[in-house]
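Written below as structure tokens is the structure these notes are about.
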Amino acid sequence: MAYWLVKSEPFVYSFDQLLTDKSTSWTGVRNYAARLHLRAMKKDDLALFYHSNEGLAIVGIAKIIKEAYPDPTAEGQDWSTVDLAPHQRIKTPVTLDQIKKEPALAQMALVRIGRLSVQPVTEAEWKVIMKLAGEK
């Protein structure tokens, strides 16, 4: 299993909305590096759900339920989407400030490449985030 982080502004699409919807297509990604990450996602991989711009925190975990396929919102372009479902809300949101202060997360893509909307998370980073979130 691989780990990922997906970002969304909560006023555009929040983790609460994902919980309500039960699943969603992660459409609208228009960055080549993020597209490669979407295409690398496998069914049952887990993704940290990060609220960007407002909140600036990891608030939940989503599960990949459908691997990459053409993004129907892309007009004539070669872009991809995956389908996500909520896996769980985390006990304690993990803020960007906490992440930046944690030495073990200094190389995390969220710190190094902050604007990237879909990014990989190493197993070691995942474990640190789960500890900060009060999860096992």
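Going through the structure tokens in order, the chains are called A, B, and so on, while each chain numbers its residues from 1 and the ligands are numbered from 1 in the order shown.
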Within 7 Å of region 111-117 of chain A, counting only C-alpha atoms, which residues qualify if same-chain residues fewer than 3 places away don't, as number ranges by chain? A: 6-7, 34, 100, 106-108
May I have the selected residues written with N, CA and C atoms, as an mmCIF file, in the first residue's frame?
```cif
data_model
loop_
_atom_site.group_PDB
_atom_site.id
_atom_site.type_symbol
_atom_site.label_atom_id
_atom_site.label_comp_id
_atom_site.auth_asym_id
_atom_site.auth_seq_id
_atom_site.Cartn_x
_atom_site.Cartn_y
_atom_site.Cartn_z
ATOM 1 N N VAL A 6 -3.937 14.576 -0.461
ATOM 2 C CA VAL A 6 -4.716 15.367 -1.416
ATOM 3 C C VAL A 6 -5.164 16.634 -0.713
ATOM 4 N N LYS A 7 -5.175 17.730 -1.474
ATOM 5 C CA LYS A 7 -5.522 19.021 -0.905
ATOM 6 C C LYS A 7 -6.816 19.540 -1.515
ATOM 7 N N ALA A 34 1.239 16.337 -10.235
ATOM 8 C CA ALA A 34 0.072 15.795 -9.532
ATOM 9 C C ALA A 34 -0.615 14.727 -10.376
ATOM 10 N N LYS A 100 5.548 21.581 10.008
ATOM 11 C CA LYS A 100 6.798 22.308 9.753
ATOM 12 C C LYS A 100 7.741 22.273 10.951
ATOM 13 N N ALA A 106 10.579 17.222 7.819
ATOM 14 C CA ALA A 106 11.237 18.303 7.097
ATOM 15 C C ALA A 106 11.302 18.059 5.593
ATOM 16 N N GLN A 107 11.366 16.806 5.179
ATOM 17 C CA GLN A 107 11.456 16.489 3.751
ATOM 18 C C GLN A 107 10.101 16.143 3.125
ATOM 19 N N MET A 108 9.037 16.228 3.900
ATOM 20 C CA MET A 108 7.704 15.925 3.380
ATOM 21 C C MET A 108 7.371 16.883 2.237
#
```
Env of region 8-25 of chain A: 6 Å cut, atoms = only C-alpha atoms, seq-sep filter 6 positions within chain, self excluded. Answer as a ChimeraX atom specification. /A:51-53,82-86
Practice problem: Enumerate as a PyMOL selection string all residues of chain A assigned to strand (DSSP E or B) by DSSP on the backbone, naming them with the chain letters and numbers the document uses. | Solution: chain A and resi 3-8+24-25+46-51+57-70+80-95+118-121
Based on the selection just made, write N, CA and C atoms of those residues as a compact mmCIF listing (two decimals), in the first residue's frame.
```
# COMPACT_ATOMS: atom_id res chain seq x y z
N TYR A 3 0.93 5.67 0.32
CA TYR A 3 0.25 6.75 1.01
C TYR A 3 0.38 8.04 0.22
N TRP A 4 -0.64 8.88 0.33
CA TRP A 4 -0.73 10.10 -0.45
C TRP A 4 -1.30 11.22 0.41
N LEU A 5 -1.26 12.43 -0.13
CA LEU A 5 -1.94 13.56 0.45
C LEU A 5 -2.66 14.27 -0.68
N VAL A 6 -3.94 14.58 -0.46
CA VAL A 6 -4.72 15.37 -1.42
C VAL A 6 -5.16 16.63 -0.71
N LYS A 7 -5.18 17.73 -1.47
CA LYS A 7 -5.52 19.02 -0.91
C LYS A 7 -6.82 19.54 -1.51
N SER A 8 -7.60 20.19 -0.68
CA SER A 8 -8.78 20.89 -1.16
C SER A 8 -9.08 22.05 -0.24
N THR A 24 -16.24 10.50 -4.11
CA THR A 24 -16.14 11.57 -5.10
C THR A 24 -15.05 11.24 -6.10
N SER A 25 -15.14 11.87 -7.26
CA SER A 25 -14.06 11.83 -8.24
C SER A 25 -13.17 13.03 -7.98
N LEU A 46 -4.21 4.82 0.79
CA LEU A 46 -4.81 5.81 1.67
C LEU A 46 -4.22 7.19 1.40
N ALA A 47 -5.07 8.22 1.56
CA ALA A 47 -4.62 9.59 1.32
C ALA A 47 -5.03 10.49 2.48
N LEU A 48 -4.09 11.25 2.97
CA LEU A 48 -4.39 12.27 3.95
C LEU A 48 -5.20 13.36 3.25
N PHE A 49 -6.26 13.82 3.88
CA PHE A 49 -7.10 14.87 3.31
C PHE A 49 -6.73 16.17 4.00
N TYR A 50 -6.15 17.10 3.24
CA TYR A 50 -5.62 18.35 3.77
C TYR A 50 -6.49 19.52 3.34
N HIS A 51 -6.93 20.31 4.30
CA HIS A 51 -7.67 21.54 3.99
C HIS A 51 -6.65 22.64 3.75
N ALA A 57 -4.73 22.26 7.60
CA ALA A 57 -4.56 21.09 8.46
C ALA A 57 -5.01 19.82 7.76
N ILE A 58 -4.39 18.72 8.16
CA ILE A 58 -4.86 17.39 7.76
C ILE A 58 -6.03 17.07 8.67
N VAL A 59 -7.18 16.78 8.07
CA VAL A 59 -8.40 16.59 8.87
C VAL A 59 -9.00 15.19 8.74
N GLY A 60 -8.55 14.42 7.77
CA GLY A 60 -9.13 13.10 7.58
C GLY A 60 -8.28 12.22 6.70
N ILE A 61 -8.77 11.01 6.50
CA ILE A 61 -8.11 10.03 5.65
C ILE A 61 -9.14 9.54 4.64
N ALA A 62 -8.73 9.53 3.38
CA ALA A 62 -9.57 9.01 2.30
C ALA A 62 -8.93 7.74 1.76
N LYS A 63 -9.74 6.92 1.14
CA LYS A 63 -9.27 5.67 0.54
C LYS A 63 -9.50 5.75 -0.97
N ILE A 64 -8.53 5.28 -1.74
CA ILE A 64 -8.69 5.23 -3.19
C ILE A 64 -9.60 4.04 -3.50
N ILE A 65 -10.72 4.32 -4.15
CA ILE A 65 -11.66 3.24 -4.46
C ILE A 65 -11.73 2.93 -5.96
N LYS A 66 -11.16 3.82 -6.78
CA LYS A 66 -11.07 3.55 -8.21
C LYS A 66 -9.80 4.19 -8.73
N GLU A 67 -9.00 3.40 -9.43
CA GLU A 67 -7.73 3.88 -9.94
C GLU A 67 -7.94 4.86 -11.09
N ALA A 68 -6.86 5.49 -11.50
CA ALA A 68 -6.89 6.58 -12.48
C ALA A 68 -7.66 6.24 -13.75
N TYR A 69 -8.43 7.22 -14.18
CA TYR A 69 -9.16 7.15 -15.45
C TYR A 69 -9.26 8.58 -15.98
N PRO A 70 -9.63 8.76 -17.25
CA PRO A 70 -9.67 10.12 -17.81
C PRO A 70 -10.63 11.04 -17.04
N SER A 80 -6.14 13.10 -15.58
CA SER A 80 -6.67 11.92 -14.91
C SER A 80 -7.38 12.29 -13.61
N THR A 81 -8.20 11.36 -13.15
CA THR A 81 -8.86 11.48 -11.86
C THR A 81 -8.86 10.11 -11.20
N VAL A 82 -9.10 10.08 -9.92
CA VAL A 82 -9.33 8.83 -9.18
C VAL A 82 -10.60 9.05 -8.36
N ASP A 83 -11.17 7.99 -7.87
CA ASP A 83 -12.31 8.10 -6.97
C ASP A 83 -11.85 7.84 -5.54
N LEU A 84 -12.33 8.68 -4.64
CA LEU A 84 -12.00 8.58 -3.22
C LEU A 84 -13.26 8.35 -2.41
N ALA A 85 -13.09 7.67 -1.29
CA ALA A 85 -14.16 7.51 -0.31
C ALA A 85 -13.58 7.88 1.05
N PRO A 86 -14.41 8.35 1.96
CA PRO A 86 -13.88 8.65 3.29
C PRO A 86 -13.48 7.36 4.00
N HIS A 87 -12.34 7.38 4.64
CA HIS A 87 -11.88 6.23 5.42
C HIS A 87 -12.13 6.51 6.90
N GLN A 88 -11.68 7.70 7.35
CA GLN A 88 -11.95 8.09 8.73
C GLN A 88 -11.58 9.55 8.95
N ARG A 89 -12.27 10.17 9.87
CA ARG A 89 -11.86 11.49 10.34
C ARG A 89 -10.76 11.22 11.38
N ILE A 90 -9.74 12.04 11.37
CA ILE A 90 -8.69 11.84 12.38
C ILE A 90 -9.10 12.52 13.68
N LYS A 91 -8.60 11.98 14.79
CA LYS A 91 -9.00 12.47 16.12
C LYS A 91 -8.63 13.93 16.31
N THR A 92 -7.40 14.26 15.97
CA THR A 92 -6.90 15.61 16.16
C THR A 92 -6.31 16.12 14.86
N PRO A 93 -6.89 17.18 14.25
CA PRO A 93 -6.29 17.71 13.02
C PRO A 93 -4.82 18.05 13.22
N VAL A 94 -4.04 17.82 12.19
CA VAL A 94 -2.61 18.10 12.24
C VAL A 94 -2.35 19.32 11.37
N THR A 95 -1.94 20.41 12.01
CA THR A 95 -1.78 21.68 11.30
C THR A 95 -0.46 21.73 10.53
N VAL A 118 -1.61 17.06 -5.17
CA VAL A 118 -1.61 15.62 -4.94
C VAL A 118 -0.16 15.22 -4.79
N GLN A 119 0.17 14.59 -3.67
CA GLN A 119 1.58 14.30 -3.41
C GLN A 119 1.75 12.99 -2.65
N PRO A 120 2.90 12.37 -2.84
CA PRO A 120 3.18 11.13 -2.10
C PRO A 120 3.55 11.43 -0.66
N VAL A 121 3.31 10.46 0.19
CA VAL A 121 3.67 10.51 1.61
C VAL A 121 4.41 9.20 1.90
```
A straight line from CA of Met41 (chain A) to CA of Lys101 (chain A) spans 28.2 Å
**Prompt:** Pick the closest to Thr27 (chain A) from A:Met1, A:Ala124, A:Ala40, A:Ala74: which is it, counting only C-alpha atoms?
**Reply:**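 So, comparing all the options, the nearest one is A:Ala74.
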Exercise for review: Extract, using only C-alpha atoms, all DNA, RNA and protein residues at most 9 Å from Tyr32 (chain A), discarding same-chain residues fewer than 4 positions from it, and format them as a PyMOL selection string.
Suggested key: chain A and resi 36-37+79
- [ ] Record the distance separating CA of Leu105 (chain A) and CA of Gly28 (chain A), expressed in Å with one decimal.
- [x]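 Computing it gives 27.7 Å between the two atoms.
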Check your understanding: Could you state the separation of CA of Gly55 (chain A) and CA of Lys127 (chain A) in Å, given to one decimal place?
Key ->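 Computing it gives 21.7 Å between the two atoms.
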